[in-house]
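Asker: So I've got this file, model.json, and it contains JSON, C-alpha atoms and all ligand atoms:
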```json
[["chain", "number", "residue", "atom", "x", "y", "z"],
["A", 1, "MET", "CA", -46.26, -10.97, -4.26],
["A", 2, "PRO", "CA", -49.09, -8.68, -3.12],
["A", 3, "GLN", "CA", -48.03, -5.12, -2.48],
["A", 4, "LYS", "CA", -49.01, -5.27, 1.18],
["A", 5, "GLN", "CA", -46.76, -8.24, 1.77],
["A", 6, "ARG", "CA", -43.86, -6.76, -0.21],
["A", 7, "ALA", "CA", -43.86, -3.89, 2.25],
["A", 8, "SER", "CA", -43.13, -6.30, 5.08],
["A", 9, "CYS", "CA", -39.55, -5.27, 5.68],
["A", 10, "VAL", "CA", -40.15, -1.72, 4.71],
["A", 11, "SER", "CA", -42.99, 0.71, 4.67],
["A", 12, "GLY", "CA", -43.66, 4.39, 5.10],
["A", 13, "PRO", "CA", -42.41, 7.35, 3.15],
["A", 14, "PRO", "CA", -38.68, 8.03, 2.99],
["A", 15, "VAL", "CA", -37.26, 10.22, 5.72],
["A", 16, "PHE", "CA", -33.88, 10.51, 4.03],
["A", 17, "LYS", "CA", -33.52, 12.07, 0.62],
["A", 18, "ILE", "CA", -31.34, 10.39, -1.96],
["A", 19, "GLY", "CA", -27.86, 11.84, -1.59],
["A", 20, "GLU", "CA", -27.96, 12.37, 2.17],
["A", 21, "PHE", "CA", -25.74, 9.34, 2.56],
["A", 22, "LEU", "CA", -23.03, 10.97, 0.44],
["A", 23, "THR", "CA", -19.90, 10.62, 2.48],
["A", 24, "GLY", "CA", -17.03, 11.21, 0.03],
["A", 25, "VAL", "CA", -16.05, 12.89, -3.16],
["A", 26, "SER", "CA", -15.36, 10.09, -5.64],
["A", 27, "MET", "CA", -18.36, 7.88, -5.03],
["A", 28, "THR", "CA", -18.82, 5.04, -7.43],
["A", 29, "LEU", "CA", -20.98, 2.88, -5.20],
["A", 30, "ARG", "CA", -24.76, 3.23, -5.08],
["A", 31, "LEU", "CA", -26.75, 1.13, -2.62],
["A", 32, "TYR", "CA", -30.44, 0.48, -3.24],
["A", 33, "PHE", "CA", -31.78, -0.08, 0.23],
["A", 34, "HIS", "CA", -34.14, 0.79, 3.03],
["A", 35, "PRO", "CA", -32.91, 1.56, 6.57],
["A", 36, "LEU", "CA", -35.51, -0.77, 8.18],
["A", 37, "SER", "CA", -34.58, -3.81, 6.10],
["A", 38, "SER", "CA", -32.53, -6.34, 8.01],
["A", 39, "PHE", "CA", -30.67, -7.57, 4.92],
["A", 40, "CYS", "CA", -29.85, -3.96, 4.01],
["A", 41, "GLN", "CA", -28.60, -3.29, 7.54],
["A", 42, "LYS", "CA", -26.24, -6.22, 7.13],
["A", 43, "VAL", "CA", -24.59, -4.43, 4.17],
["A", 44, "LEU", "CA", -24.74, -1.01, 5.87],
["A", 45, "VAL", "CA", -22.74, -2.46, 8.76],
["A", 46, "ALA", "CA", -20.05, -3.57, 6.29],
["A", 47, "LEU", "CA", -20.00, -0.15, 4.56],
["A", 48, "TYR", "CA", -19.86, 1.74, 7.88],
["A", 49, "GLU", "CA", -17.15, -0.56, 9.29],
["A", 50, "ASN", "CA", -14.73, 0.71, 6.67],
["A", 51, "SER", "CA", -16.25, 4.17, 6.14],
["A", 52, "THR", "CA", -16.68, 3.17, 2.50],
["A", 53, "PRO", "CA", -18.11, 6.11, 0.53],
["A", 54, "PHE", "CA", -21.43, 5.37, -1.15],
["A", 55, "THR", "CA", -24.62, 6.98, -2.31],
["A", 56, "GLY", "CA", -27.76, 5.60, -0.69],
["A", 57, "ASP", "CA", -30.76, 5.22, -2.96],
["A", 58, "LEU", "CA", -33.71, 4.68, -0.63],
["A", 59, "VAL", "CA", -36.35, 2.39, -2.13],
["A", 60, "ASP", "CA", -39.88, 2.76, -0.78],
["A", 61, "PHE", "CA", -41.96, -0.27, -1.76],
["A", 62, "GLY", "CA", -45.07, 1.64, -0.71],
["A", 63, "ASP", "CA", -44.44, 4.30, -3.36],
["A", 64, "THR", "CA", -45.26, 3.25, -6.93],
["A", 65, "ALA", "CA", -42.62, 5.42, -8.62],
["A", 66, "SER", "CA", -39.87, 4.33, -6.22],
["A", 67, "ARG", "CA", -40.82, 0.65, -6.54],
["A", 68, "GLU", "CA", -41.01, 0.75, -10.33],
["A", 69, "ALA", "CA", -37.68, 2.56, -10.62],
["A", 70, "PHE", "CA", -36.08, -0.17, -8.46],
["A", 71, "LEU", "CA", -37.71, -2.98, -10.48],
["A", 72, "LYS", "CA", -36.02, -1.57, -13.58],
["A", 73, "VAL", "CA", -32.68, -1.99, -11.83],
["A", 74, "TRP", "CA", -33.39, -5.41, -10.32],
["A", 75, "PRO", "CA", -36.60, -7.03, -11.56],
["A", 76, "VAL", "CA", -36.92, -9.55, -8.71],
["A", 77, "GLY", "CA", -37.39, -6.55, -6.44],
["A", 78, "GLN", "CA", -35.35, -7.57, -3.40],
["A", 79, "PHE", "CA", -32.85, -5.29, -1.76],
["A", 80, "PRO", "CA", -30.02, -4.65, -0.96],
["A", 81, "VAL", "CA", -28.49, -4.20, -4.42],
["A", 82, "LEU", "CA", -25.17, -2.46, -5.01],
["A", 83, "ARG", "CA", -24.25, -0.71, -8.25],
["A", 84, "ASP", "CA", -20.55, -0.12, -8.80],
["A", 85, "GLU", "CA", -20.64, 2.67, -11.34],
["A", 86, "ALA", "CA", -16.85, 2.69, -11.82],
["A", 87, "HIS", "CA", -16.94, -0.89, -13.13],
["A", 88, "ASP", "CA", -20.51, -0.84, -14.47],
["A", 89, "ARG", "CA", -21.41, -3.80, -12.27],
["A", 90, "LEU", "CA", -24.65, -4.64, -10.50],
["A", 91, "VAL", "CA", -24.14, -6.69, -7.35],
["A", 92, "PRO", "CA", -27.30, -8.08, -5.71],
["A", 93, "GLU", "CA", -27.48, -10.31, -2.58],
["A", 94, "SER", "CA", -26.16, -9.12, 0.77],
["A", 95, "SER", "CA", -23.51, -11.84, 1.18],
["A", 96, "VAL", "CA", -22.18, -11.30, -2.34],
["A", 97, "ILE", "CA", -22.14, -7.52, -1.82],
["A", 98, "ILE", "CA", -20.04, -7.85, 1.34],
["A", 99, "GLU", "CA", -17.61, -10.21, -0.38],
["A", 100, "TYR", "CA", -17.42, -7.74, -3.29],
["A", 101, "LEU", "CA", -16.67, -4.84, -0.92],
["A", 102, "ASP", "CA", -14.04, -6.94, 0.82],
["A", 103, "ARG", "CA", -12.27, -7.64, -2.45],
["A", 104, "HIS", "CA", -12.68, -4.35, -4.33],
["A", 105, "TYR", "CA", -13.07, -1.74, -1.57],
["A", 106, "PRO", "CA", -11.01, -3.13, 1.33],
["A", 107, "GLY", "CA", -10.58, -1.30, 4.61],
["A", 108, "PRO", "CA", -9.45, -1.94, 8.17],
["A", 109, "THR", "CA", -12.20, -4.53, 8.78],
["A", 110, "THR", "CA", -11.72, -7.66, 6.68],
["A", 111, "PHE", "CA", -15.00, -9.51, 6.18],
["A", 112, "LEU", "CA", -13.78, -12.88, 4.92],
["A", 113, "PRO", "CA", -10.73, -14.51, 6.51],
["A", 114, "ALA", "CA", -7.81, -15.04, 4.10],
["A", 115, "ASP", "CA", -7.44, -18.67, 5.16],
["A", 116, "PRO", "CA", -9.70, -20.73, 2.85],
["A", 117, "ASP", "CA", -10.91, -23.02, 5.61],
["A", 118, "LEU", "CA", -11.80, -20.12, 7.88],
["A", 119, "ALA", "CA", -13.45, -18.38, 4.91],
["A", 120, "ARG", "CA", -15.61, -21.47, 4.35],
["A", 121, "GLN", "CA", -16.61, -21.44, 8.03],
["A", 122, "ALA", "CA", -17.42, -17.72, 7.82],
["A", 123, "ARG", "CA", -19.58, -18.25, 4.72],
["A", 124, "PHE", "CA", -21.42, -21.11, 6.41],
["A", 125, "ARG", "CA", -22.01, -19.16, 9.62],
["A", 126, "GLU", "CA", -23.29, -16.06, 7.89],
["A", 127, "ARG", "CA", -25.58, -18.20, 5.73],
["A", 128, "PHE", "CA", -26.85, -19.76, 8.94],
["A", 129, "PHE", "CA", -27.90, -16.34, 10.26],
["A", 130, "ASP", "CA", -29.57, -15.51, 6.92],
["A", 131, "LEU", "CA", -31.35, -18.78, 6.30],
["A", 132, "HIS", "CA", -32.23, -19.99, 9.78],
["A", 133, "VAL", "CA", -32.57, -16.77, 11.78],
["A", 134, "GLN", "CA", -33.56, -14.00, 9.36],
["A", 135, "GLN", "CA", -35.82, -16.02, 7.08],
["A", 136, "ASN", "CA", -37.75, -17.66, 9.93],
["A", 137, "MET", "CA", -38.03, -14.30, 11.71],
["A", 138, "GLN", "CA", -39.33, -12.73, 8.48],
["A", 139, "LYS", "CA", -41.92, -15.48, 8.05],
["A", 140, "VAL", "CA", -43.35, -14.75, 11.52],
["A", 141, "VAL", "CA", -43.29, -10.97, 11.07],
["A", 142, "THR", "CA", -44.58, -10.75, 7.50],
["A", 143, "ASP", "CA", -47.57, -12.92, 8.36],
["A", 144, "ARG", "CA", -48.77, -10.07, 10.60],
["A", 145, "ILE", "CA", -49.35, -7.82, 7.59],
["A", 146, "ARG", "CA", -50.80, -10.34, 5.17],
["A", 147, "PRO", "CA", -54.22, -9.48, 3.78],
["A", 148, "ALA", "CA", -57.16, -10.81, 5.82],
["A", 149, "GLY", "CA", -57.79, -14.49, 5.15],
["A", 150, "LYS", "CA", -54.30, -15.03, 3.69],
["A", 151, "ASN", "CA", -52.48, -15.86, 6.93],
["A", 152, "ASP", "CA", -50.45, -19.03, 7.30],
["A", 153, "PRO", "CA", -50.65, -20.06, 10.99],
["A", 154, "PHE", "CA", -49.05, -23.48, 10.42],
["A", 155, "GLY", "CA", -46.14, -21.95, 8.49],
["A", 156, "VAL", "CA", -45.67, -19.36, 11.24],
["A", 157, "GLU", "CA", -45.68, -22.08, 13.92],
["A", 158, "GLN", "CA", -43.03, -24.01, 11.99],
["A", 159, "ALA", "CA", -40.94, -20.87, 11.46],
["A", 160, "ARG", "CA", -41.07, -20.04, 15.19],
["A", 161, "ALA", "CA", -39.95, -23.57, 16.07],
["A", 162, "LYS", "CA", -37.11, -23.42, 13.51],
["A", 163, "LEU", "CA", -36.07, -20.00, 14.79],
["A", 164, "ALA", "CA", -35.99, -21.35, 18.36],
["A", 165, "THR", "CA", -33.81, -24.28, 17.23],
["A", 166, "ALA", "CA", -31.43, -21.93, 15.41],
["A", 167, "LEU", "CA", -31.16, -19.70, 18.50],
["A", 168, "ASP", "CA", -30.43, -22.74, 20.69],
["A", 169, "MET", "CA", -27.62, -23.73, 18.30],
["A", 170, "ILE", "CA", -26.20, -20.19, 18.36],
["A", 171, "GLU", "CA", -26.38, -20.14, 22.17],
["A", 172, "ASP", "CA", -24.30, -23.35, 22.31],
["A", 173, "ASP", "CA", -21.76, -21.95, 19.87],
["A", 174, "ILE", "CA", -21.29, -18.27, 20.64],
["A", 175, "GLY", "CA", -18.33, -17.08, 22.71],
["A", 176, "GLU", "CA", -17.71, -13.83, 24.53],
["A", 177, "ALA", "CA", -16.07, -12.00, 21.60],
["A", 178, "TRP", "CA", -17.27, -11.86, 17.99],
["A", 179, "ALA", "CA", -18.82, -14.76, 16.10],
["A", 180, "MET", "CA", -15.48, -16.19, 15.01],
["A", 181, "GLY", "CA", -13.26, -14.88, 17.77],
["A", 182, "GLN", "CA", -11.41, -11.59, 18.14],
["A", 183, "ALA", "CA", -11.93, -10.29, 14.58],
["A", 184, "PHE", "CA", -15.29, -8.78, 13.58],
["A", 185, "ASN", "CA", -16.22, -10.22, 10.19],
["A", 186, "VAL", "CA", -19.07, -10.99, 7.76],
["A", 187, "VAL", "CA", -20.73, -13.30, 10.27],
["A", 188, "ASP", "CA", -21.15, -10.40, 12.69],
["A", 189, "CYS", "CA", -22.55, -8.21, 9.88],
["A", 190, "ALA", "CA", -25.22, -10.87, 9.28],
["A", 191, "ALA", "CA", -25.79, -11.66, 12.95],
["A", 192, "ALA", "CA", -26.41, -8.07, 14.07],
["A", 193, "PRO", "CA", -29.74, -7.35, 12.29],
["A", 194, "ALA", "CA", -30.77, -11.03, 12.35],
["A", 195, "LEU", "CA", -30.56, -11.22, 16.15],
["A", 196, "TRP", "CA", -31.90, -7.70, 16.68],
["A", 197, "TYR", "CA", -35.12, -8.60, 14.88],
["A", 198, "ALA", "CA", -35.23, -12.19, 16.19],
["A", 199, "ASP", "CA", -35.18, -10.73, 19.70],
["A", 200, "LYS", "CA", -38.50, -9.03, 18.87],
["A", 201, "VAL", "CA", -40.01, -12.45, 18.02],
["A", 202, "ILE", "CA", -38.38, -14.63, 20.70],
["A", 203, "PRO", "CA", -36.86, -12.40, 23.41],
["A", 204, "LEU", "CA", -33.31, -13.64, 23.83],
["A", 205, "ALA", "CA", -32.74, -12.83, 27.50],
["A", 206, "ALA", "CA", -35.07, -15.59, 28.75],
["A", 207, "ALA", "CA", -33.35, -18.68, 27.36],
["A", 208, "HIS", "CA", -30.38, -17.39, 25.35],
["A", 209, "PRO", "CA", -28.29, -15.24, 27.72],
["A", 210, "LYS", "CA", -24.98, -15.61, 25.84],
["A", 211, "THR", "CA", -26.68, -14.68, 22.57],
["A", 212, "ALA", "CA", -28.36, -11.73, 24.30],
["A", 213, "ARG", "CA", -24.92, -10.51, 25.46],
["A", 214, "TYR", "CA", -23.56, -10.96, 21.94],
["A", 215, "LEU", "CA", -26.44, -8.84, 20.61],
["A", 216, "GLU", "CA", -25.55, -6.16, 23.20],
["A", 217, "ARG", "CA", -21.97, -6.13, 21.92],
["A", 218, "LEU", "CA", -23.19, -5.93, 18.33],
["A", 219, "SER", "CA", -25.59, -3.09, 19.15],
["A", 220, "ALA", "CA", -22.74, -1.13, 20.76],
["A", 221, "ARG", "CA", -20.51, -1.57, 17.71],
["A", 222, "PRO", "CA", -20.50, 1.89, 16.01],
["A", 223, "SER", "CA", -21.31, 0.50, 12.54],
["A", 224, "PHE", "CA", -24.46, -1.30, 13.71],
["A", 225, "ALA", "CA", -25.38, 1.42, 16.21],
["A", 226, "ARG", "CA", -25.41, 3.84, 13.27],
["A", 227, "ALA", "CA", -27.60, 1.54, 11.15],
["A", 228, "LEU", "CA", -30.03, 1.16, 14.07],
["A", 229, "LYS", "CA", -30.16, 4.94, 14.60],
["A", 230, "GLU", "CA", -30.96, 5.46, 10.93],
["A", 231, "ALA", "CA", -33.74, 2.84, 11.14],
["A", 232, "GLU", "CA", -35.35, 4.53, 14.17],
["A", 233, "PRO", "CA", -37.64, 6.90, 12.23],
["A", 234, "TYR", "CA", -39.16, 3.86, 10.45],
["A", 235, "LEU", "CA", -39.54, 1.51, 13.40],
["A", 236, "LYS", "CA", -43.16, 2.55, 13.86],
["A", 237, "ASN", "CA", -43.80, 0.65, 10.61],
["A", 238, "PHE", "CA", -42.41, -2.61, 12.01],
["A", 239, "PRO", "CA", -45.36, -4.99, 12.44],
["A", 240, "ARG", "CA", -45.29, -6.04, 16.10],
["A", 241, "GLY", "CA", -47.25, -9.08, 17.28],
["B", 301, "LIG", "N1", -31.10, -13.20, -0.09],
["B", 301, "LIG", "C1", -31.36, -11.79, -0.11],
["B", 301, "LIG", "C2", -32.58, -11.49, 0.75],
["B", 301, "LIG", "C3", -33.00, -10.04, 0.65],
["B", 301, "LIG", "C4", -34.39, -9.79, 1.23],
["B", 301, "LIG", "O1", -35.12, -10.71, 1.62],
["B", 301, "LIG", "N2", -34.76, -8.51, 1.26],
["B", 301, "LIG", "C5", -36.08, -8.14, 1.70],
["B", 301, "LIG", "C6", -36.01, -6.92, 2.61],
["B", 301, "LIG", "S1", -35.35, -7.34, 4.21],
["B", 301, "LIG", "C7", -36.90, -7.75, 0.49],
["B", 301, "LIG", "O2", -36.39, -7.14, -0.43],
["B", 301, "LIG", "N3", -38.19, -8.10, 0.49],
["B", 301, "LIG", "C8", -39.10, -7.76, -0.56],
["B", 301, "LIG", "C9", -39.52, -8.96, -1.36],
["B", 301, "LIG", "O3", -39.05, -10.09, -1.08],
["B", 301, "LIG", "O4", -40.33, -8.79, -2.28],
["B", 301, "LIG", "C10", -30.11, -11.04, 0.39],
["B", 301, "LIG", "O5", -29.36, -11.62, 1.19],
["B", 301, "LIG", "O6", -29.86, -9.90, -0.05]]
```
In structure tokens, what does this structure look like?
Answerer:
Amino acid sequence: MPQKQRASCVSGPPVFKIGEFLTGVSMTLRLYFHPLSSFCQKVLVALYENSTPFTGDLVDFGDTASREAFLKVWPVGQFPVLRDEAHDRLVPESSVIIEYLDRHYPGPTTFLPADPDLARQARFRERFFDLHVQQNMQKVVTDRIRPAGKNDPFGVEQARAKLATALDMIEDDIGEAWAMGQAFNVVDCAAAPALWYADKVIPLAAAHPKTARYLERLSARPSFARALKEAEPYLKNFPRG
């Protein structure tokens, strides 16, 4: 993928230095991430929910040394990626990372329900936010920074239509609490950044009032509010339409 496009979720020099996210003494978890990346925010929400100690390793795709160092860790070059140094395990993929944290570093917020049927529903719903909200949103946004002559207007039109359909389905489904009722879980971790960025593409208030209220609740949740605050210095790099 061309460098310019790779920087779609993330660009600009790091504001944080590695180590500034140190929050405990016996840290075994290292997160390769960028504060502006929606998939990374999904994992940050999970980490902040349970005040799980970790070291943040900020990857700047615009910086050759930073990018190459990350590619040595995870050659496909997508973040977030978690390294559990205590168990010498590398855990890529946001959904898998959250499930791993739930199992190995549990805290007051449980991300997957214990009941297998509810866990299946939670997995499906969080995949829905990833695949039908985030990915379509990303398609629209990343097209804005493609090199001249490499745009994909038809693909963007399709992605917008699919995003609108997904938002309509969420609007029909969402209640007045969290995604699956009274307990905040993995679905809310996925929904928070997905809807925050989707709102920049298709403003929710116009046709999706319940979803807009859900996004307000998510944005007020301390874990996501913190992730948003940490993304603020980078928001100038977000390609607006
Ligand atoms: N399925 C992955 C998606 C991760 C993803 O798309 N990350 C973006 C940043 S938001 C990325 O690394 N993009 C760079 C690239 O695809 O080259 C997950 O859930 O972790």
Asker: Here is a test: counting all atoms listed in the file, which residue of A:Arg67, A:Arg123, A:His132, A:Lys229 is nearest to A:Phe33?
Answerer: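 Once distances to A:Phe33 are computed over all atoms listed in the file, the minimum belongs to A:Arg67.
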Asker: Could you build a table of the residues in chain A lying no more than 6 Å from ligand LIG 301 (chain B), giving for each the nearest pair of atoms and their separation in Å rounded to one decimal place, using only C-alpha atoms and all ligand atoms, ordered by chain and ascending residue number, as CSV?
Answerer:
```
residue,atom,partner,partner_atom,distance
A:Arg6,CA,B:LIG301,O4,4.6
A:Cys9,CA,B:LIG301,S1,4.9
A:Ser37,CA,B:LIG301,S1,4.1
A:Ser38,CA,B:LIG301,S1,4.8
A:Phe39,CA,B:LIG301,S1,4.7
A:Gly77,CA,B:LIG301,O4,5.6
A:Gln78,CA,B:LIG301,O2,3.2
A:Phe79,CA,B:LIG301,O2,4.2
A:Pro80,CA,B:LIG301,O6,5.3
A:Glu93,CA,B:LIG301,O6,3.5
A:Ser94,CA,B:LIG301,O6,3.9
A:Ser95,CA,B:LIG301,O5,5.9
```
Asker: To one decimal place in Å, what is the distance between atom CA of A:Ala114 and atom CA of A:Tyr32?
Answerer: 28.4 Å
Asker: Quick one, how far is atom CA of A:His34 from atom CA of A:Arg120?
Answerer: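 Taking atom CA of A:His34 as the start and atom CA of A:Arg120 as the end point, the length is 29.0 Å.
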Asker: Give me, as a list in words, all polymer residues having an atom no more than 9 Å from A:Trp178, counting all atoms listed in the file and skipping those fewer than 4 positions away in the same chain.
Answerer: Ile174, Gln182, Ala183, Phe184, Asn185, Val187, Asp188, Tyr214, Arg217 and Leu218 of chain A
Asker: When distances are computed from only C-alpha atoms, which of A:Pro153, A:Pro147, A:Gly175, A:Pro193 shows the smallest separation from A:Glu126?
Answerer: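 Of the candidates, the smallest distance to A:Glu126 is held by A:Pro193.
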Asker: How many Å lie between atom CA of A:Lys162 and atom CA of A:Leu204, rounded to one decimal?
Answerer: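 Calculated distance between atom CA of A:Lys162 and atom CA of A:Leu204 is 14.7 Å.
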Asker: List the spatial neighbours of A:His208 as a PyMOL selection string - criterion: any atom at most 12 Å away, only C-alpha atoms, same-chain residues fewer than 6 positions off excluded.
Answerer: chain A and resi 164-174+195+198-199+202+214-215
Asker: Around all the atoms of stretch 171-188 of chain A listed in the file, with 4 Å of room on each side, what axis-aligned box do you get, giving centre and edge lengths in Å to one decimal, as AutoDock Vina command-line options?
Answerer:
```
--center_x -18.9 --center_y -16.1 --center_z 16.1 --size_x 23.0 --size_y 22.6 --size_z 24.8
```
Asker: With all atoms listed in the file as the basis for distance, which of A:Trp74, A:Phe224, A:Phe154, A:Phe128 is at the shortest distance from A:Cys40?
Answerer: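 Checking each of A:Trp74, A:Phe224, A:Phe154, A:Phe128 against A:Cys40, counting all atoms listed in the file, the winner is A:Phe224.
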Asker: Pick from A:Pro222, A:Gly241, A:Gly62, A:Pro53: nearest to A:Lys200, with only C-alpha atoms counted?
Answerer: A:Gly241
Asker: When distances are computed from only C-alpha atoms, which of A:Ala46, A:Ala212, A:Gln135, A:Arg30 shows the smallest separation from A:Pro92?
Answerer: A:Arg30
Asker: Fewer than 2 positions away in the same chain doesn't count, so skip those; otherwise give me all residues within 8 Å of A:Lys139, counting all atoms listed in the file, as a list in words.
Answerer: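 The residues satisfying every condition are Gln135, Asn136, Met137, Val141, Thr142, Asp143, Gly155, Val156 and Ala159 of chain A.
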Asker: Using only C-alpha atoms for the distances, tell me which of A:Phe124, A:Tyr48, A:Phe111, A:Tyr100 is nearest to A:Arg83.
Answerer: A:Tyr100
Asker: Taking only N, CA and C atoms, show stretch 136-157 of chain A of the given structure as a PDB file, in the first residue's frame.
Answerer:
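Writing done, so here's result-v7.pdb:
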```pdb
ATOM      1  N   ASN A 136     -16.351   0.754   6.313  1.00  0.00           N
ATOM      2  CA  ASN A 136     -16.954   1.639   5.309  1.00  0.00           C
ATOM      3  C   ASN A 136     -16.567   3.088   5.568  1.00  0.00           C
ATOM      4  N   MET A 137     -16.536   3.470   6.851  1.00  0.00           N
ATOM      5  CA  MET A 137     -16.081   4.832   7.195  1.00  0.00           C
ATOM      6  C   MET A 137     -14.650   5.038   6.702  1.00  0.00           C
ATOM      7  N   GLN A 138     -13.788   4.048   6.948  1.00  0.00           N
ATOM      8  CA  GLN A 138     -12.374   4.168   6.537  1.00  0.00           C
ATOM      9  C   GLN A 138     -12.241   4.319   5.024  1.00  0.00           C
ATOM     10  N   LYS A 139     -13.076   3.571   4.295  1.00  0.00           N
ATOM     11  CA  LYS A 139     -13.010   3.644   2.830  1.00  0.00           C
ATOM     12  C   LYS A 139     -13.288   5.080   2.357  1.00  0.00           C
ATOM     13  N   VAL A 140     -14.307   5.704   2.948  1.00  0.00           N
ATOM     14  CA  VAL A 140     -14.661   7.077   2.563  1.00  0.00           C
ATOM     15  C   VAL A 140     -13.523   8.027   2.927  1.00  0.00           C
ATOM     16  N   VAL A 141     -12.996   7.879   4.145  1.00  0.00           N
ATOM     17  CA  VAL A 141     -12.004   8.835   4.651  1.00  0.00           C
ATOM     18  C   VAL A 141     -10.648   8.656   3.955  1.00  0.00           C
ATOM     19  N   THR A 142     -10.231   7.407   3.760  1.00  0.00           N
ATOM     20  CA  THR A 142      -8.888   7.194   3.196  1.00  0.00           C
ATOM     21  C   THR A 142      -8.835   7.611   1.725  1.00  0.00           C
ATOM     22  N   ASP A 143      -9.987   7.611   1.067  1.00  0.00           N
ATOM     23  CA  ASP A 143      -9.992   8.047  -0.334  1.00  0.00           C
ATOM     24  C   ASP A 143      -9.566   9.519  -0.453  1.00  0.00           C
ATOM     25  N   ARG A 144      -9.803  10.282   0.620  1.00  0.00           N
ATOM     26  CA  ARG A 144      -9.492  11.723   0.596  1.00  0.00           C
ATOM     27  C   ARG A 144      -7.989  11.976   0.540  1.00  0.00           C
ATOM     28  N   ILE A 145      -7.184  10.995   0.925  1.00  0.00           N
ATOM     29  CA  ILE A 145      -5.736  11.234   0.932  1.00  0.00           C
ATOM     30  C   ILE A 145      -5.016  10.294  -0.047  1.00  0.00           C
ATOM     31  N   ARG A 146      -5.780   9.715  -0.959  1.00  0.00           N
ATOM     32  CA  ARG A 146      -5.118   8.923  -2.004  1.00  0.00           C
ATOM     33  C   ARG A 146      -4.342   9.844  -2.938  1.00  0.00           C
ATOM     34  N   PRO A 147      -3.298   9.319  -3.566  1.00  0.00           N
ATOM     35  CA  PRO A 147      -2.572  10.146  -4.532  1.00  0.00           C
ATOM     36  C   PRO A 147      -3.498  10.566  -5.680  1.00  0.00           C
ATOM     37  N   ALA A 148      -3.197  11.720  -6.275  1.00  0.00           N
ATOM     38  CA  ALA A 148      -4.016  12.238  -7.379  1.00  0.00           C
ATOM     39  C   ALA A 148      -4.163  11.176  -8.463  1.00  0.00           C
ATOM     40  N   GLY A 149      -5.371  11.020  -8.964  1.00  0.00           N
ATOM     41  CA  GLY A 149      -5.631  10.062 -10.042  1.00  0.00           C
ATOM     42  C   GLY A 149      -5.877   8.643  -9.537  1.00  0.00           C
ATOM     43  N   LYS A 150      -5.758   8.422  -8.245  1.00  0.00           N
ATOM     44  CA  LYS A 150      -5.930   7.065  -7.690  1.00  0.00           C
ATOM     45  C   LYS A 150      -7.201   6.951  -6.859  1.00  0.00           C
ATOM     46  N   ASN A 151      -8.099   7.925  -6.988  1.00  0.00           N
ATOM     47  CA  ASN A 151      -9.336   7.879  -6.194  1.00  0.00           C
ATOM     48  C   ASN A 151     -10.288   6.819  -6.729  1.00  0.00           C
ATOM     49  N   ASP A 152     -11.238   6.455  -5.899  1.00  0.00           N
ATOM     50  CA  ASP A 152     -12.172   5.379  -6.239  1.00  0.00           C
ATOM     51  C   ASP A 152     -13.592   5.864  -5.922  1.00  0.00           C
ATOM     52  N   PRO A 153     -14.124   6.803  -6.764  1.00  0.00           N
ATOM     53  CA  PRO A 153     -15.432   7.394  -6.439  1.00  0.00           C
ATOM     54  C   PRO A 153     -16.552   6.365  -6.324  1.00  0.00           C
ATOM     55  N   PHE A 154     -16.539   5.336  -7.179  1.00  0.00           N
ATOM     56  CA  PHE A 154     -17.612   4.336  -7.112  1.00  0.00           C
ATOM     57  C   PHE A 154     -17.523   3.545  -5.803  1.00  0.00           C
ATOM     58  N   GLY A 155     -16.303   3.164  -5.430  1.00  0.00           N
ATOM     59  CA  GLY A 155     -16.109   2.443  -4.159  1.00  0.00           C
ATOM     60  C   GLY A 155     -16.546   3.284  -2.970  1.00  0.00           C
ATOM     61  N   VAL A 156     -16.260   4.588  -3.036  1.00  0.00           N
ATOM     62  CA  VAL A 156     -16.641   5.486  -1.939  1.00  0.00           C
ATOM     63  C   VAL A 156     -18.167   5.596  -1.861  1.00  0.00           C
ATOM     64  N   GLU A 157     -18.800   5.697  -3.033  1.00  0.00           N
ATOM     65  CA  GLU A 157     -20.273   5.793  -3.065  1.00  0.00           C
ATOM     66  C   GLU A 157     -20.893   4.529  -2.441  1.00  0.00           C
TER      67      GLU A 157
END
```
